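start.cif follows (mmCIF, C-alpha atoms):
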data_protein
#
loop_
_atom_site.label_atom_id
_atom_site.label_comp_id
_atom_site.auth_asym_id
_atom_site.auth_seq_id
_atom_site.Cartn_x
_atom_site.Cartn_y
_atom_site.Cartn_z
CA MET A 8 -17.45 20.71 2.80
CA SER A 9 -15.70 19.09 -0.16
CA LEU A 10 -13.44 16.18 0.68
CA ARG A 11 -11.15 14.15 -1.59
CA ILE A 12 -10.69 10.51 -0.60
CA LEU A 13 -8.37 7.78 -1.92
CA VAL A 14 -9.65 4.21 -1.39
CA VAL A 15 -7.03 1.46 -1.16
CA ASP A 16 -8.05 -2.20 -1.23
CA ASP A 17 -7.07 -5.11 -3.47
CA HIS A 18 -10.67 -6.38 -3.72
CA ALA A 19 -12.86 -4.64 -6.31
CA VAL A 20 -16.08 -5.48 -4.46
CA VAL A 21 -14.80 -3.78 -1.29
CA ARG A 22 -13.66 -0.71 -3.20
CA ARG A 23 -17.05 -0.36 -4.88
CA GLY A 24 -18.87 -0.69 -1.58
CA VAL A 25 -16.64 1.84 0.17
CA ARG A 26 -16.91 4.28 -2.74
CA SER A 27 -20.70 4.01 -2.78
CA LEU A 28 -20.92 4.59 0.96
CA LEU A 29 -18.54 7.55 1.00
CA GLU A 30 -20.01 9.30 -2.05
CA SER A 31 -23.48 9.09 -0.50
CA HIS A 32 -22.24 11.90 1.74
CA GLU A 33 -22.74 15.28 0.10
CA GLY A 34 -19.51 16.94 -1.01
CA TRP A 35 -17.32 13.87 -0.61
CA GLU A 36 -15.50 12.56 -3.67
CA VAL A 37 -13.48 9.38 -4.15
CA CYS A 38 -10.72 10.85 -6.28
CA GLY A 39 -8.89 7.56 -6.84
CA GLU A 40 -8.64 3.85 -6.12
CA ALA A 41 -5.50 1.78 -5.56
CA THR A 42 -5.03 -1.98 -5.42
CA THR A 43 -1.50 -2.23 -3.98
CA GLY A 44 0.41 -0.37 -1.30
CA ARG A 45 2.89 0.92 -3.84
CA ASP A 46 0.10 2.17 -6.08
CA ALA A 47 -1.45 3.90 -3.05
CA VAL A 48 1.78 5.81 -2.38
CA GLU A 49 2.08 6.87 -6.02
CA GLN A 50 -1.56 7.95 -6.29
CA SER A 51 -1.36 9.84 -3.01
CA ARG A 52 1.60 11.81 -4.33
CA ARG A 53 -0.24 12.59 -7.56
CA LEU A 54 -3.79 13.19 -6.31
CA ARG A 55 -3.08 14.71 -2.87
CA PRO A 56 -6.25 13.34 -1.19
CA ASP A 57 -7.44 14.71 2.13
CA VAL A 58 -8.14 11.23 3.51
CA VAL A 59 -6.83 7.79 2.54
CA VAL A 60 -8.98 4.78 3.43
CA MET A 61 -6.37 2.02 3.67
CA ASP A 62 -6.57 -1.76 3.85
CA LEU A 63 -3.62 -3.50 5.52
CA SER A 64 -3.29 -6.76 3.55
CA LEU A 65 -1.96 -5.41 0.25
CA PRO A 66 0.46 -6.88 -2.31
CA GLU A 67 3.91 -5.39 -3.02
CA LEU A 68 3.75 -3.00 -0.05
CA ASN A 69 1.57 -3.62 3.00
CA GLY A 70 -0.81 -0.98 4.34
CA LEU A 71 1.34 -0.09 7.34
CA ASP A 72 4.41 0.73 5.27
CA ALA A 73 2.30 2.47 2.62
CA THR A 74 0.85 4.63 5.41
CA ARG A 75 4.34 5.54 6.62
CA GLN A 76 5.42 6.60 3.13
CA ILE A 77 2.25 8.57 2.43
CA LEU A 78 2.52 10.51 5.68
CA LYS A 79 6.22 11.14 5.18
CA ASP A 80 5.41 12.87 1.88
CA ALA A 81 2.20 14.56 3.05
CA PRO A 82 1.95 14.86 6.85
CA ASP A 83 -1.40 16.66 6.65
CA THR A 84 -3.07 13.71 4.91
CA GLU A 85 -5.24 11.64 7.22
CA VAL A 86 -5.15 7.84 6.97
CA LEU A 87 -8.04 5.66 8.07
CA VAL A 88 -7.25 1.96 8.29
CA LEU A 89 -10.21 -0.21 7.25
CA THR A 90 -9.36 -3.85 7.87
CA MET A 91 -10.83 -7.21 8.78
CA HIS A 92 -7.92 -7.88 11.16
CA HIS A 93 -7.86 -6.79 14.78
CA SER A 94 -5.48 -7.36 17.66
CA GLU A 95 -3.71 -5.33 20.32
CA GLU A 96 -0.39 -5.44 18.47
CA LEU A 97 -1.93 -4.51 15.14
CA ALA A 98 -3.74 -1.53 16.66
CA ARG A 99 -0.44 -0.37 18.15
CA ASP A 100 1.34 -0.76 14.80
CA VAL A 101 -1.38 1.18 12.99
CA LEU A 102 -1.08 4.13 15.36
CA GLN A 103 2.73 4.02 15.31
CA ALA A 104 2.61 4.16 11.51
CA GLY A 105 0.75 7.47 11.83
CA ALA A 106 -2.82 6.50 10.95
CA ARG A 107 -5.34 8.23 13.20
CA GLY A 108 -8.37 6.13 12.32
CA TYR A 109 -8.97 2.40 12.68
CA VAL A 110 -12.27 0.75 11.70
CA LEU A 111 -13.03 -2.93 11.27
CA LYS A 112 -14.66 -3.89 7.98
CA SER A 113 -17.38 -5.63 9.96
CA ASP A 114 -18.26 -2.23 11.47
CA ALA A 115 -17.96 -0.19 8.25
CA ASP A 116 -21.69 0.34 7.68
CA GLU A 117 -22.01 1.76 11.17
CA ASN A 118 -18.73 3.65 11.57
CA LEU A 119 -17.10 4.52 8.24
CA ILE A 120 -18.87 7.85 7.65
CA SER A 121 -18.33 8.97 11.24
CA ALA A 122 -14.67 7.95 11.09
CA VAL A 123 -13.95 9.86 7.88
CA ASP A 124 -15.82 12.89 9.22
CA SER A 125 -13.65 12.83 12.37
CA LEU A 126 -10.47 12.62 10.33
CA ARG A 127 -11.74 15.44 8.10
CA GLN A 128 -11.63 17.57 11.24
CA HIS A 129 -8.20 16.14 12.12
CA LYS A 130 -9.65 14.25 15.08
CA PRO A 131 -8.77 10.58 15.68
CA PHE A 132 -11.39 7.86 15.41
CA LEU A 133 -11.13 4.38 16.93
CA THR A 134 -14.01 1.96 17.31
CA SER A 135 -14.73 0.87 20.87
CA THR A 136 -13.26 -2.58 20.22
CA VAL A 137 -10.00 -1.08 18.95
CA THR A 138 -9.87 1.38 21.86
CA GLU A 139 -9.97 -1.55 24.28
CA PHE A 140 -7.14 -3.23 22.36
CA VAL A 141 -5.02 -0.08 22.49
CA LEU A 142 -5.52 0.46 26.22
CA ASP A 143 -4.81 -3.18 27.06
CA ASP A 144 -1.70 -3.22 24.88
CA TYR A 145 -0.44 0.08 26.30
CA THR A 146 -0.74 -1.25 29.84
CA ARG A 147 1.04 -4.46 28.99
CA ARG A 148 3.88 -2.78 27.07
CA ALA A 149 4.38 -0.21 29.85
CA GLU A 150 5.27 -3.11 32.10
CA SER A 151 7.59 -4.75 29.53
CA PRO A 152 11.37 -4.19 29.90
CA ASP A 153 12.08 -3.89 26.17
CA GLY A 154 8.82 -2.46 24.79
CA GLY A 155 10.13 -2.38 21.23
CA GLY A 156 10.13 -5.65 19.36
CA ALA A 157 12.19 -6.95 16.47
CA TYR A 158 10.19 -5.02 13.87
CA ALA A 159 11.79 -1.78 15.00
CA ALA A 160 15.22 -3.16 14.06
CA VAL A 161 14.70 -2.88 10.30
CA THR A 162 14.51 0.22 8.12
CA ALA A 163 11.62 1.23 5.87
CA ARG A 164 13.53 0.08 2.77
CA GLU A 165 14.34 -3.24 4.43
CA ARG A 166 10.66 -3.78 5.26
CA GLU A 167 9.81 -3.25 1.59
CA ILE A 168 12.40 -5.83 0.57
CA ILE A 169 11.26 -8.28 3.24
CA GLN A 170 7.70 -8.09 1.90
CA LEU A 171 8.70 -8.60 -1.72
CA LEU A 172 10.95 -11.57 -0.89
CA ALA A 173 8.34 -13.07 1.43
CA GLU A 174 5.82 -12.81 -1.43
CA GLY A 175 8.13 -15.02 -3.49
CA ARG A 176 9.82 -12.36 -5.62
CA SER A 177 13.36 -13.06 -6.79
CA ASN A 178 16.17 -10.56 -6.15
CA LYS A 179 15.84 -9.43 -9.77
CA GLU A 180 12.06 -8.97 -9.49
CA ALA A 181 12.37 -7.06 -6.21
CA ALA A 182 15.01 -4.82 -7.77
CA SER A 183 12.68 -4.09 -10.70
CA VAL A 184 9.76 -3.18 -8.42
CA LEU A 185 11.89 -0.84 -6.31
CA GLY A 186 13.88 0.61 -9.20
CA ILE A 187 17.28 -0.32 -7.73
CA SER A 188 20.05 -2.71 -8.74
CA VAL A 189 20.16 -6.42 -7.99
CA LYS A 190 23.42 -5.86 -6.11
CA THR A 191 21.69 -3.34 -3.84
CA ILE A 192 18.91 -5.86 -3.15
CA GLU A 193 21.52 -8.51 -2.35
CA ALA A 194 23.29 -6.15 0.05
CA HIS A 195 20.04 -5.27 1.80
CA ARG A 196 19.07 -8.93 1.97
CA ALA A 197 22.39 -9.81 3.60
CA ASN A 198 21.94 -7.00 6.14
CA ILE A 199 18.40 -8.15 6.91
CA MET A 200 19.45 -11.74 7.48
CA ARG A 201 22.34 -10.66 9.70
CA LYS A 202 20.37 -8.08 11.66
CA LEU A 203 17.45 -10.41 12.36
CA HIS A 204 19.56 -13.56 12.82
CA LEU A 205 17.78 -15.36 9.99
CA ARG A 206 19.30 -18.23 8.05
CA SER A 207 16.90 -19.00 5.21
CA VAL A 208 14.07 -17.66 3.10
CA SER A 209 11.69 -19.75 5.22
CA ASP A 210 12.91 -17.88 8.30
CA LEU A 211 12.34 -14.61 6.44
CA VAL A 212 8.77 -15.59 5.50
CA ARG A 213 7.99 -16.58 9.09
CA TYR A 214 9.39 -13.27 10.32
CA ALA A 215 7.27 -11.36 7.77
CA ILE A 216 4.11 -13.16 8.86
CA ARG A 217 4.86 -12.83 12.56
CA ASN A 218 5.40 -9.08 12.20
CA ARG A 219 2.39 -8.60 9.90
CA ILE A 220 4.44 -7.46 6.92
CA VAL A 221 2.53 -10.05 4.90
CA GLN A 222 -0.57 -12.06 5.70
CA PRO A 223 -0.36 -15.88 5.82
#
Do you think you could lay out the structure here as structure tokens?
Amino acid sequence: MSLRILVVDDHAVVRRGVRSLLESHEGWEVCGEATTGRDAVEQSRRLRPDVVVMDLSLPELNGLDATRQILKDAPDTEVLVLTMHHSEELARDVLQAGARGYVLKSDADENLISAVDSLRQHKPFLTSTVTEFVLDDYTRRAESPDGGGAYAAVTAREREIIQLLAEGRSNKEAASVLGISVKTIEAHRANIMRKLHLRSVSDLVRYAIRNRIVQP
């Protein structure tokens, strides 16, 4: 069966390797490549791929928030996260964002084709390592009184602004990227600082790293 795939990674070598591996499968086509989360969202809207292979550590908009935006626009699109990072919390965040596949880059040669084929059939795919993380994290969170975490306190737009500011963008630069006014950025920034009880940009950066909005 024909399958259109969008590959998202900010490293050209990784994109080439993933493209080569995927297009070795008959009928599969890499219809586009993106280097930032924001570019991934735009290309997904334009190209309408069946599957998006998504890295998490992306500039401008991280892979988790890009996944949320892609699936909001096109719920039938399947997202496979392909990342070098693995932890219980990250696996939980990936699934909560709506991705139904999670493969470690170290396992790509062995699992990438199988993972994409599963998602093609709208079946989830998690490597055994990730499955263990998910089960362990589920058990632990089921016993936790709050179960949510501070990350749930901010909106999707606020997460975008947090990432841009944590990457060192000025209010003016963030406004330009998002296509909104500087005053709107300033208002969002004030709400973020108040909501999360932050006092400085350093606090904001630490929050972004701790909640995997950006990578250290």
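Here the PyMOL selection byres ((chain A and resi 126) around 10) captures the residues Asp57, Val58, Val59, Thr84, Glu85, Val86, Leu87, Ala106, Arg107, Gly108, Ser121, Ala122, Val123, Asp124, Ser125, Arg127, Gln128, His129, Lys130, Pro131 and Phe132 of chain A.
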key: Polymer residues at most 12 Å from range 207-217 of chain A, only C-alpha atoms, same-chain spacing of 6 or more positions, as a list in words   =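 Close residues of range 207-217 of chain A: Ser64, Leu68, Asn69, Glu96, Leu97, Gly156, Ala157, Tyr158, Val161, Glu165, Arg166, Glu167, Ile168, Ile169, Gln170, Leu171, Leu172, Ala173, Glu174, Gly175, Arg176, Ser177, Asn178, Arg196, Ala197, Ile199, Met200, Arg201 and Pro223 of chain A.
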task = Name the residues in contact with Gly105 in chain A at a cut-off of 8 Å, using all atoms listed in the file, excluding same-chain residues fewer than 3 positions from it; report them as a count of residues only.
result = 6
ask   = To one decimal place, how far is CA of Arg219 in chain A from CA of Cys38 in chain A in Å?
value =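 Separation between CA of Arg219 in chain A and CA of Cys38 in chain A: 28.5 Å.
You can rank A:Ala98, A:Val14, A:Ala73, A:Val20 by their closest distance to Gly39 in chain A using all atoms listed in the file, and at the top of that list sits A:Val14.
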request  = Run the PyMOL selection byres ((chain A and resi 43-54) around 8) against the file shown and list the residues it catches, as a list in words.
outcome  =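 When the PyMOL selection byres ((chain A and resi 43-54) around 8) is applied, the selected residues are Leu13, Val15, Asp16, Asp17, Cys38, Gly39, Glu40, Ala41, Thr42, Arg55, Pro56, Leu65, Pro66, Glu67, Leu68, Asn69, Gly70, Asp72, Ala73, Thr74, Gln76, Ile77, Asp80 and Ala81 of chain A.
Going from CA of Leu205 in chain A over to CA of Asp100 in chain A, you cover 22.5 Å.
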